[in-house]
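Asker: Okay, here's the structure, questions in a sec.
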Amino acid sequence: MSETLLEIRGLTITARSGGKTSTLVEDASLTLNRGEVLGLIGESGAGKSTLGLAAMGFARDGCRLARGSVVFDGQDLVKMPERRRRRLRGARVAYVAQSAAASFNPARTLLEQTIEAPLRHGLMTRAEAEREAIALYTRLRLPDPETIGRRYPHQVSGGQLQRAMTAMAMITRPDLIVFDEPTTALDVTTQVEVLAAIRDAVAELDTAAIYITHDLAVVAQMADRIMVMRHGKVVEEGETAALMSNPQADYTKSLWSVREFRAQTKPPSSAAPHVEARGIVATYGDAPVLHGVDLSIQPGRTLAVIGESGSGKSTLARVISGLLPAREGECRMHGEALPPSYRQRSREDLRRVQMIFQMADTALNPKIKVRDALGRALTRLMGLRGRAREERLHQLMREIDMDPAIHLDRYPGELSGGQKQRIAIARALAAEPEFLICDEVTSALDQVVAEEILRLLDRLQRERGLTMMFITHDIATVRALADDVVVMKDGHVVAAGQKDDVLDRPTDPYVRTLMESAPEMDPAWLDRLLASRAA
Amino acid sequence: MTRLAVLRSAPPTAWFGLLVLTVVALLALFAPFAAPYGEREVVAGPFEVWSESHWLGTDNLGRDMLSRLIWGARNTIGMALLTTMIAFVVGAATGLLAGTVGGWADRLLAWIVDVIMAMPSLILALLLISIFGASTAMLIGIIAAIEATRVFRLSRAVAMNITVMEYLDAARLRGESLPSILWREVLPNASAPLVAEFGLRFCFVFLFVSSLSFLGLGIQPPTADWGSMVRDNATLITYGDVTPLLPAAAIALVTVSVNLVVDWVLHRSSGLKD
């Protein structure tokens with residue numbers, strides 16, 4: 001039996017806002033042994049980050065550790081005076097945040113920031129700290145560990161920055177590190193490197209860690225034990241392998257099964273393309289983004305455009321919709337060229353092509369009620385008014401499984417993330433489009449909600465015979481929904497064809513790396529991948 | 001929250017501000033009934049002391065001080081309010097337009113505004129008044145033009161943050177016209193900072209008008225006005241009489257009160273709690 005490092009008992013965390021008190025975490029208990037990695041999983045708002053911070057005796061502004069105890073190495077952090085807690089932080093407990101880019105000071109070099117904590121706490125001399133930092137950079141497999149510390153945060157990539165932040169957390173050899181979604185903002189190919197680096201460094205230095213994520217496949221690779229949270233309560237806890245193979249609670253089972261959805265694949269067809277793009281060249285100012293992109297979508301089919309951030313996939317959507325006129329090349333619909341800019345397109349052209357955006361939060365005007373948001377689209381593009389408009393509104397709401405009586409008169413701020421995205425879908429459907437562009441429509445949503453949105457889109461497509469272009473970076477989503485696939489990298493199309501051909505029999509080396517890097521639920525996946533890469 | 005509940009949650013400072021502004025506004029509106037004497041009426045000898053019939057004495061020409069203070073509220077505040085509103089309509093309309101449209105129209109407008117803002121506003125105002133004269137309409141026009149540049153800057157910055165939102169893309173793809181995009185999509189989201197700015201701008205305009213009047217270039221006699229009242233009666237200070245300080249105190253009181261209310265509105269609209 002190894003030694004207990006952290007013991008949280010009956011912890012309740014409350015938040016006060018606008019005179020109301022709400023409970024963020026209720027009666028949570030956990031035990032963490034030295035050198036153990038605990039995965040904390042749940043959807044957004046489940047209280048995982050709040051609990052993770054509480055493990056360091058910290059509560060965000062407006063939050064309070066109301067009841068219970070957080071005993072770290074025999075000392076209760078809740079009762080401890082703030083001065084002593086501060087001495088622990090950065091020395092014996094450390095935190096790695098989701099966005100390294102936002103957590104680094106852009107005006108100071110990586111090395112200065114890495115060695116700040118041990119110098120501030122008087123644990124090492126500058127020379128010792130610098131030596132230690134370089135050793136950690138090496139351990140975390142950063143390129144040029146001797147000199148990378150002299151760079152500024154903007155001079156390294158996102159994955160490197162995340163590893164530098166891990167080095168910053170580990171330099172004082174803390175007993176506990178809290179990782180809060182450290183790879184969520186990274187591309188999949190980068191994520192693999194960061195995951196492997198973090199896991200090995202944590203194991204070699206025998207550091208205990210709390211690893212917070214919403215991604216099951218990631219937590220399966222990282223954690224010894226997993227704790228599932230929902231609505232601030234602990235739902236289930238267990239050893240990783242046991243919990244993955246045999247979940248007990250209904251909620252855990254539903255989380256586990258989200259990636260099982262598969263739309264019916266349509267048989268290959270030889271129909272004339274519905275939408276085509278030919279030799280699209282696009283730039284932002286003078287910076288080239290797309291270098292001659294071709295694609296074609298046949299009527300009633302779903303084309304998934306996959307690529308990592310910066311590959312130009314969202315730009316392609318903006319070009320086809322007319323928001324960003326192409327420098328060269330043209331978009332065609334039913335063989336006829338569409339004017340490059342939305343300003344030149346007829347109302348009918350605008351109606352036929354509809355776009356759904358990634359963030360429903362910014363795609364819906366927060367000051368306009370659902371009724372007016374949808375109603376405006378009906379009036380502008382379909383010419384509906386009065387009774388006819390009202391009837392169509394109700395019909396639309398029922399189509400997206402929402403209650404017109406309740407939700408029509410709400411502001412977007414009064415809806416959940418999934419409901420907002422449904423309204424955004426309804427707004428696109430209001431125009432009765434032929435062609436629907438979905439730009440990362442599920443990536444800002446929790447997995448369970450995302451799956452409901454995918455099912456909804458699939459149903460609507462079948463009912464209406466829509467042609468869809470589905471932009472995503474998530475391979476699982478592509479497998480669930482697509483008929484055909486286009487893979488993009490640096491503004492070029494590197495592979496295109498039917499889903500199975502492109503994904504399962506990749507000929508392009510980049511596509512192969514991309515496929516391998518998508519995390520799988522099997523806890524042995526990362527080991528296998530690393531072994532096969534080393535060989 | 002209902003309006004009443006919002007008011008109830010206001011801090012004491014905001015309450016104080018609201019109370020003062022309400023009283024001043026009522027006095028200004030009902031000046032003919034509230035003031036014991038007429039605005040330009042010479043009722044006694046010059047510089048009479050405080051008495052039963054003239055609570056605050058009389059001024060350099062023998063007009064009732066209290067009556068002129070009340071009439072002055074009407075003139076000074078009324079003019080400042082009108083000027084601020086003109087500055088806002090002009091500044092916000094051009095600012096939101098420039099921020100939303102971008103491109104050369106934005107650059108041209110921003111360039112013109114930069115040129116105007118590069119000159120100290122009081123000196124620019126003095127220059128323009130000496131060219132065009134100090135009629136009330138001209139004063140309002142000149143001050144509104146100068147203050148509109150500040151409003152332009154703010155509204156442009158706010159609109160630039162809104163124009164990158166995807167709901168504007170959605171509106172563009174719906175084929176909405178520019179006025180409709182500005183009115184339906186941009187303005188409602190820009191209103192909170194603009195409302196707060198209105199209060200602050202009003203203070204600046206109010207002080208601006210008073211300064212010009214004090215210099216003798218603002219509201220012209222015999223119209224009652226707080227700034228010129230300070231100047232006309234300034235000699236009394238040498239005799240240790242506080243009367244000439246009363247209009248100055250009124251200027252300070254109104255400015256501070258507006259600021260207290262604006263602070264509260266800003267605090268609420270920025271979502272800062274506690």
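Residues are named by chain letter and number: chains run A, B, ... in the order of the structure tokens, numbers start at 1 in each chain, and ligands are numbered from 1 in the order shown.
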Can you tell me, as a list in words, what residues are no more than 9 Å from Asn189 (chain B) when counting only C-alpha atoms, ignoring any on the same chain fewer than 4 positions away?
Answerer: Asn365, Pro366 and Lys367 of chain A; Val158, Ala159, Ile162, Glu185 and Pro193 of chain B
Asker: May I have the residues from that selection written out with C-alpha atoms, as an mmCIF file, in the first residue's frame?
Answerer:
data_model
loop_
_atom_site.group_PDB
_atom_site.id
_atom_site.type_symbol
_atom_site.label_atom_id
_atom_site.label_comp_id
_atom_site.auth_asym_id
_atom_site.auth_seq_id
_atom_site.Cartn_x
_atom_site.Cartn_y
_atom_site.Cartn_z
ATOM 1 C CA ASN A 365 -26.933 37.611 -31.887
ATOM 2 C CA PRO A 366 -27.244 37.624 -28.067
ATOM 3 C CA LYS A 367 -29.716 40.525 -28.192
ATOM 4 C CA VAL B 158 -16.908 48.616 -30.190
ATOM 5 C CA ALA B 159 -18.164 47.941 -33.726
ATOM 6 C CA ILE B 162 -18.762 43.055 -33.081
ATOM 7 C CA GLU B 185 -27.126 43.389 -35.276
ATOM 8 C CA PRO B 193 -20.785 50.945 -23.542
#
Asker: Tell me as an NGL selection string which residues belonging to chain A come within 7 Å of chain B, counting only C-alpha atoms.
Answerer: :A and (17-18 or 342 or 347 or 350 or 362-365 or 367 or 377 or 380-381)
Asker: At a cut-off of 12 Å, using only C-alpha atoms, what residues contact Glu41 (chain B)? Leave out same-chain residues fewer than 6 positions from it and give the result as a PDB file with C-alpha atoms, in the first residue's frame.
Answerer:
ATOM      1  CA  ALA B  35     -37.924  80.474  -9.443  1.00  0.00           C
ATOM      2  CA  THR B  58     -28.564  89.539  -5.753  1.00  0.00           C
ATOM      3  CA  ASP B  59     -25.913  89.640  -8.440  1.00  0.00           C
ATOM      4  CA  LEU B  61     -26.874  93.929 -11.708  1.00  0.00           C
ATOM      5  CA  GLY B  62     -29.338  93.350  -8.890  1.00  0.00           C
ATOM      6  CA  ARG B  63     -30.982  90.188 -10.219  1.00  0.00           C
ATOM      7  CA  ASP B  64     -32.116  87.492  -7.780  1.00  0.00           C
ATOM      8  CA  MET B  65     -29.316  84.936  -7.372  1.00  0.00           C
ATOM      9  CA  SER B  67     -33.798  82.550  -9.523  1.00  0.00           C
ATOM     10  CA  ARG B  68     -30.801  82.816 -11.838  1.00  0.00           C
ATOM     11  CA  TRP B  71     -32.911  79.356 -14.702  1.00  0.00           C
ATOM     12  CA  PRO B 222     -28.495  88.268 -20.199  1.00  0.00           C
ATOM     13  CA  THR B 223     -29.293  84.543 -20.383  1.00  0.00           C
ATOM     14  CA  ALA B 224     -28.631  82.963 -16.982  1.00  0.00           C
TER      15      ALA B 224
END
Asker: Which residues come within 8 Å of region 509-511 of chain A, counting only C-alpha atoms, excluding same-chain residues fewer than 5 positions away, as a PDB file with N, CA and C atoms, in the first residue's frame?
Answerer:
ATOM      1  N   VAL A 487      -9.031  15.457 -47.433  1.00  0.00           N
ATOM      2  CA  VAL A 487      -8.085  15.790 -46.373  1.00  0.00           C
ATOM      3  C   VAL A 487      -7.259  16.987 -46.832  1.00  0.00           C
ATOM      4  N   VAL A 494      -4.713  16.925 -49.869  1.00  0.00           N
ATOM      5  CA  VAL A 494      -3.714  15.855 -49.973  1.00  0.00           C
ATOM      6  C   VAL A 494      -4.356  14.507 -50.265  1.00  0.00           C
ATOM      7  N   ALA A 495      -5.656  14.372 -50.008  1.00  0.00           N
ATOM      8  CA  ALA A 495      -6.316  13.114 -50.341  1.00  0.00           C
ATOM      9  C   ALA A 495      -7.806  13.378 -50.503  1.00  0.00           C
ATOM     10  N   LEU A 503      -9.736   6.819 -45.474  1.00  0.00           N
ATOM     11  CA  LEU A 503      -9.382   6.661 -44.070  1.00  0.00           C
ATOM     12  C   LEU A 503      -8.713   5.326 -43.775  1.00  0.00           C
TER      13      LEU A 503
END
Asker: Which residues are close to region 522-524 of chain A, i.e. within 10 Å by only C-alpha atoms, leaving aside same-chain residues fewer than 6 positions away? Reply as a PyMOL selection string.
Answerer: chain A and resi 216-224+240-241+244-245
Asker: Those same residues, written as a PDB file, in the first residue's frame with C-alpha atoms?
Answerer:
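As written to disk, out_0.pdb reads:
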ATOM      1  CA  LEU A 216     -12.293   9.620 -22.785  1.00  0.00           C
ATOM      2  CA  ALA A 217      -9.734   8.260 -25.196  1.00  0.00           C
ATOM      3  CA  VAL A 218      -7.098  10.631 -23.800  1.00  0.00           C
ATOM      4  CA  VAL A 219      -7.819   9.862 -20.162  1.00  0.00           C
ATOM      5  CA  ALA A 220      -7.626   6.146 -20.896  1.00  0.00           C
ATOM      6  CA  GLN A 221      -4.003   6.604 -21.972  1.00  0.00           C
ATOM      7  CA  MET A 222      -2.956   8.824 -19.084  1.00  0.00           C
ATOM      8  CA  ALA A 223      -4.652   7.747 -15.886  1.00  0.00           C
ATOM      9  CA  ASP A 224      -4.227   4.874 -13.434  1.00  0.00           C
ATOM     10  CA  THR A 240      -8.852   2.635 -15.666  1.00  0.00           C
ATOM     11  CA  ALA A 241      -9.034  -0.775 -17.313  1.00  0.00           C
ATOM     12  CA  MET A 244     -13.353   1.330 -19.387  1.00  0.00           C
ATOM     13  CA  SER A 245     -14.451  -2.248 -19.914  1.00  0.00           C
TER      14      SER A 245
END
Asker: Mind giving me the straight-line distance from CA of Gln344 (chain A) to CA of Gly322 (chain A) in Å, one decimal?
Answerer: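 Atom-to-atom, CA of Gln344 (chain A) and CA of Gly322 (chain A) are spaced 8.9 Å apart.
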Asker: So that I can see what lies close to Thr13 (chain B), please list as a list in words the residues with an atom at most 10 Å from it, counting only C-alpha atoms and leaving out residues fewer than 4 positions away in the same chain.
Answerer: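 Counting only C-alpha atoms, the residues come to Gly17, Leu18, Leu19, Ser257, Asn259, Leu260, Val261, Asp263 and Trp264 of chain B.
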Asker: Mind the document's chain letters and residue numbers, and return as a ChimeraX atom specification the residues of region 110-225 of chain A that DSSP labels strand (DSSP E).
Answerer: /A:176-180,208-213,225
Asker: Out of region 24-248 of chain B, which residues get helix (DSSP H, G or I) from DSSP, as a VMD selection string?
Answerer: chain B and resid 24 to 29 31 to 34 65 to 101 103 to 117 121 to 132 136 to 163 166 to 173 178 to 214 226 to 232 234 to 239 245 to 248
